$ cat coords.cif   # mmCIF, C-alpha atoms and all ligand atoms
data_target
#
loop_
_atom_site.label_atom_id
_atom_site.label_comp_id
_atom_site.auth_asym_id
_atom_site.auth_seq_id
_atom_site.Cartn_x
_atom_site.Cartn_y
_atom_site.Cartn_z
CA MET A 17 14.32 -8.89 -25.17
CA PRO A 18 14.85 -12.71 -25.35
CA LYS A 19 13.16 -14.55 -28.26
CA LYS A 20 9.66 -15.67 -27.37
CA LEU A 21 7.86 -18.88 -28.22
CA GLU A 22 5.32 -18.64 -31.03
CA GLY A 23 1.86 -17.67 -29.79
CA THR A 24 2.88 -16.68 -26.30
CA ILE A 25 2.58 -13.38 -24.49
CA ARG A 26 5.83 -12.15 -23.00
CA ILE A 27 5.87 -9.41 -20.37
CA LYS A 28 8.74 -8.09 -18.27
CA ILE A 29 7.33 -7.73 -14.78
CA ASN A 30 9.39 -6.11 -12.04
CA GLY A 31 12.61 -6.92 -13.85
CA GLU A 32 11.86 -10.46 -15.03
CA TRP A 33 10.64 -11.52 -18.48
CA ARG A 34 7.75 -13.96 -18.12
CA GLU A 35 5.84 -15.91 -20.68
CA PHE A 36 2.09 -16.50 -20.64
CA SER A 37 -0.39 -18.48 -22.66
CA PRO A 38 -3.13 -16.49 -24.42
CA GLU A 39 -5.44 -19.46 -23.83
CA SER A 40 -4.93 -20.42 -20.21
CA ASP A 41 -3.33 -17.32 -18.61
CA ILE A 42 -4.62 -14.23 -20.39
CA THR A 43 -8.03 -14.01 -22.05
CA PRO A 44 -8.62 -11.33 -24.71
CA SER A 45 -10.84 -9.20 -22.47
CA MET A 46 -8.82 -9.53 -19.25
CA THR A 47 -7.64 -6.21 -17.84
CA LEU A 48 -4.02 -5.73 -16.86
CA SER A 49 -5.09 -4.81 -13.32
CA TYR A 50 -7.01 -8.07 -12.91
CA PHE A 51 -4.16 -10.08 -14.42
CA LEU A 52 -1.45 -8.53 -12.23
CA ARG A 53 -3.44 -8.54 -9.03
CA GLU A 54 -5.72 -11.55 -9.17
CA LYS A 55 -3.73 -13.93 -11.37
CA LEU A 56 -0.15 -13.03 -10.38
CA GLY A 57 -0.70 -11.79 -6.83
CA TYR A 58 0.69 -8.26 -7.10
CA THR A 59 -1.77 -7.03 -4.50
CA GLY A 60 0.09 -3.76 -3.91
CA LEU A 61 -1.80 -2.65 -6.99
CA LYS A 62 -5.28 -1.53 -5.88
CA ILE A 63 -8.49 -1.65 -7.87
CA ALA A 64 -11.02 0.90 -6.62
CA CYS A 65 -13.24 2.39 -9.33
CA ASP A 66 -12.20 -0.07 -12.09
CA GLU A 67 -13.14 2.54 -14.68
CA GLY A 68 -10.24 4.96 -14.93
CA ALA A 69 -11.48 7.54 -12.46
CA CYS A 70 -9.30 7.19 -9.35
CA GLY A 71 -5.69 6.30 -10.22
CA ALA A 72 -5.41 3.54 -7.59
CA CYS A 73 -4.41 0.92 -10.18
CA THR A 74 -1.54 2.94 -11.69
CA ILE A 75 1.53 0.99 -12.72
CA LEU A 76 4.50 1.84 -14.93
CA MET A 77 4.57 0.55 -18.48
CA ASP A 78 7.89 1.31 -20.19
CA GLY A 79 8.42 4.00 -17.56
CA LYS A 80 5.09 5.77 -18.13
CA ALA A 81 2.24 5.87 -15.61
CA VAL A 82 -0.64 3.77 -16.93
CA LEU A 83 -4.07 2.97 -15.54
CA SER A 84 -4.01 -0.81 -15.49
CA CYS A 85 -7.79 -1.07 -15.17
CA LEU A 86 -8.13 0.60 -18.59
CA THR A 87 -5.41 -1.51 -20.20
CA LEU A 88 -5.87 -5.01 -21.52
CA ALA A 89 -3.36 -7.57 -20.31
CA VAL A 90 -2.61 -8.51 -23.94
CA GLN A 91 -1.52 -4.91 -24.58
CA ALA A 92 1.41 -5.50 -22.21
CA ASP A 93 2.89 -8.08 -24.59
CA GLY A 94 6.52 -7.11 -25.24
CA HIS A 95 6.49 -4.31 -22.66
CA GLU A 96 8.05 -3.68 -19.29
CA ILE A 97 5.73 -3.39 -16.29
CA VAL A 98 6.66 -2.17 -12.83
CA THR A 99 4.27 -2.46 -9.90
CA ILE A 100 4.89 -1.06 -6.42
CA GLU A 101 6.39 -4.44 -5.49
CA GLY A 102 9.14 -3.76 -8.03
CA LEU A 103 10.42 -0.68 -6.16
CA ALA A 104 13.27 -1.00 -3.67
CA LYS A 105 12.63 -0.22 0.00
CA ASN A 106 15.12 2.62 -0.24
CA ASP A 107 13.56 4.01 -3.40
CA PRO A 108 13.46 7.78 -2.81
CA VAL A 109 9.74 7.99 -3.60
CA VAL A 110 8.87 5.08 -1.31
CA GLU A 111 11.00 6.61 1.44
CA ALA A 112 9.51 10.08 1.00
CA PHE A 113 5.93 8.79 1.27
CA ALA A 114 6.83 6.64 4.31
CA GLU A 115 8.52 9.57 6.05
CA GLN A 116 5.57 11.82 5.27
CA CYS A 117 3.35 9.71 7.55
CA GLU A 118 5.46 10.34 10.62
CA PRO A 119 3.97 12.60 13.32
CA GLY A 120 4.49 16.30 12.74
CA HIS A 121 5.01 16.08 9.00
CA GLY A 122 1.37 16.24 7.76
CA THR A 123 0.51 12.79 6.60
CA ALA A 124 0.57 11.61 2.98
CA LEU A 125 -1.38 8.51 3.86
CA GLN A 126 -4.05 7.38 6.26
CA CYS A 127 -5.66 4.15 5.03
CA GLY A 128 -2.98 3.86 2.32
CA PHE A 129 -5.34 2.50 -0.33
CA CYS A 130 -4.50 5.23 -2.83
CA THR A 131 -0.78 5.29 -2.02
CA PRO A 132 0.62 2.74 -4.51
CA GLY A 133 -1.04 4.61 -7.35
CA PHE A 134 0.29 7.98 -6.19
CA VAL A 135 3.77 6.48 -5.75
CA MET A 136 3.84 5.04 -9.27
CA SER A 137 2.70 8.30 -10.87
CA THR A 138 5.29 10.14 -8.80
CA LYS A 139 7.97 7.77 -10.11
CA ALA A 140 6.93 8.57 -13.67
CA LEU A 141 6.83 12.32 -12.99
CA LEU A 142 10.20 12.52 -11.26
CA SER A 143 11.94 10.39 -13.88
CA GLN A 144 11.04 13.11 -16.40
CA ASN A 145 11.16 16.12 -14.12
CA PRO A 146 13.06 15.58 -10.84
CA ARG A 147 12.36 19.08 -9.48
CA PRO A 148 8.70 19.75 -10.31
CA THR A 149 6.87 22.83 -9.11
CA ILE A 150 3.73 22.42 -6.97
CA VAL A 151 1.65 23.20 -10.05
CA GLU A 152 3.42 20.47 -12.03
CA VAL A 153 2.92 18.01 -9.15
CA LYS A 154 -0.79 18.83 -9.02
CA GLU A 155 -1.09 18.41 -12.76
CA ALA A 156 0.76 15.08 -12.82
CA LEU A 157 -1.31 13.65 -9.98
CA SER A 158 -4.64 15.17 -11.00
CA GLY A 159 -6.05 11.79 -12.04
CA HIS A 160 -5.68 10.40 -8.52
CA ILE A 161 -8.24 10.47 -5.74
CA CYS A 162 -7.41 10.16 -2.04
CA ARG A 163 -10.61 9.55 -0.10
CA CYS A 164 -8.78 10.36 3.14
CA GLY A 165 -7.93 13.82 1.80
CA CYS A 166 -4.16 13.66 2.28
CA TYR A 167 -3.43 15.84 -0.73
CA SER A 168 -1.32 18.36 1.12
CA GLY A 169 0.92 15.66 2.60
CA ILE A 170 1.14 13.89 -0.76
CA LYS A 171 2.37 17.07 -2.46
CA LYS A 172 5.04 17.46 0.24
CA ALA A 173 6.10 13.83 -0.20
CA VAL A 174 6.54 14.30 -3.95
CA ILE A 175 8.67 17.43 -3.49
CA HIS A 176 10.66 15.66 -0.78
CA ALA A 177 11.22 12.67 -3.09
CA GLY A 178 12.59 15.04 -5.75
CA GLU A 179 14.99 16.51 -3.17
CA LYS A 180 16.14 13.03 -2.21
CA ILE A 181 16.85 12.16 -5.84
CA ALA A 182 18.84 15.38 -6.27
CA GLN A 183 20.78 14.72 -3.07
CA ARG A 184 21.62 11.15 -4.04
CA GLY A 185 22.73 12.36 -7.47
CA LYS A 186 25.19 14.75 -5.77
CA ASN A 187 26.55 11.97 -3.52
CA GLU A 188 27.20 9.59 -6.41
S1 LIG B 201 -9.10 1.40 -10.40
FE1 LIG B 201 -8.15 2.08 -12.20
S2 LIG B 201 -8.49 4.21 -12.19
FE2 LIG B 201 -9.61 3.50 -10.47
S1 LIG B 202 -4.83 7.54 2.26
FE1 LIG B 202 -6.83 6.69 2.26
S2 LIG B 202 -7.49 6.99 0.25
FE2 LIG B 202 -5.63 8.05 0.30
#

$ encode --input "coords.cif" --output "structure tokens" --more "lines below"
Ligand code: FES
Ligand code: FES
Amino acid sequence: MPKKLEGTIRIKINGEWREFSPESDITPSMTLSYFLREKLGYTGLKIACDEGACGACTILMDGKAVLSCLTLAVQADGHEIVTIEGLAKNDPVVEAFAEQCEPGHGTALQCGFCTPGFVMSTKALLSQNPRPTIVEVKEALSGHICRCGCYSGIKKAVIHAGEKIAQRGKNE
């Protein structure tokens, strides 16, 4: 990590180290979800319950799925954050969720409000365990709520994403 200026908060967001002022940019009580979404414009991140009960605000911090509404922005100092905007269009998880909303596949998303959160938790899961069982998928995503009830499609998308990762690994 590059050396930071005294008294600043430095966060790597979607691949780029950025520096913030603890006075004008980040207040002590500001949540990471508010900071990322409202101050920096990463609106792919959704805030639904704002109390840790739905998973919509999930982002990656140092590769782990984290509820950004339960995390203070100052806690991200020195850490690496990835929001859905930081994923490539051909990311296997992004592709698998997109394909799972095509007719005949059993959709993984209707309104899409919960999707970024599910995608980020899926990224974290598959980075540790690329071929999870259905039980492991359910466990890893158990903190997420989909009000449209697309759970069956979501599970298929996660398994499909794991298959894509395995396939790409073979082709490399
Ligand atoms: S908005 Fe963070 S868990 Fe619901
Ligand atoms: S697709 Fe609407 S809440 Fe999940």

$ closest_atom_pairs --input "coords.cif" --of "chain A" --to "ligand LIG 202 (chain B)" --cutoff "6 Å" --atoms "all atoms listed in the file" --output "CSV"
residue,atom,partner,partner_atom,distance
A:Leu125,CA,B:LIG202,S1,3.9
A:Gln126,CA,B:LIG202,S1,4.1
A:Cys127,CA,B:LIG202,FE1,3.9
A:Gly128,CA,B:LIG202,S1,4.1
A:Phe129,CA,B:LIG202,S2,5.0
A:Cys130,CA,B:LIG202,FE2,4.4
A:Cys162,CA,B:LIG202,FE2,3.6
A:Arg163,CA,B:LIG202,S2,4.1
A:Cys164,CA,B:LIG202,FE1,4.2

$ closest_atom_pairs --input "coords.cif" --of "chain A" --to "ligand LIG 201 (chain B)" --cutoff "6 Å" --atoms "all atoms listed in the file" --output "CSV"
residue,atom,partner,partner_atom,distance
A:Ile63,CA,B:LIG201,S1,4.0
A:Ala64,CA,B:LIG201,S1,4.3
A:Cys65,CA,B:LIG201,FE2,4.0
A:Asp66,CA,B:LIG201,S1,3.8
A:Glu67,CA,B:LIG201,S2,5.5
A:Gly68,CA,B:LIG201,S2,3.3
A:Ala69,CA,B:LIG201,S2,4.5
A:Cys70,CA,B:LIG201,FE2,3.9
A:Gly71,CA,B:LIG201,S2,4.0
A:Ala72,CA,B:LIG201,FE2,5.1
A:Cys73,CA,B:LIG201,FE1,4.4
A:Leu83,CA,B:LIG201,FE1,5.3
A:Cys85,CA,B:LIG201,FE1,4.3

$ atom_distance --input "coords.cif" --atom1 "CA of Thr131 in chain A" --atom2 "CA of Thr74 in chain A"
10.0 Å

$ atom_distance --input "coords.cif" --atom1 "CA of Ser45 in chain A" --atom2 "CA of Asp78 in chain A"
21.6 Å

$ closest_residue --input "coords.cif" --among "A:Ile150, A:Ala124, A:Ala112, A:Val135" --to "Lys180 in chain A" --atoms "all atoms listed in the file"
A:Ala112
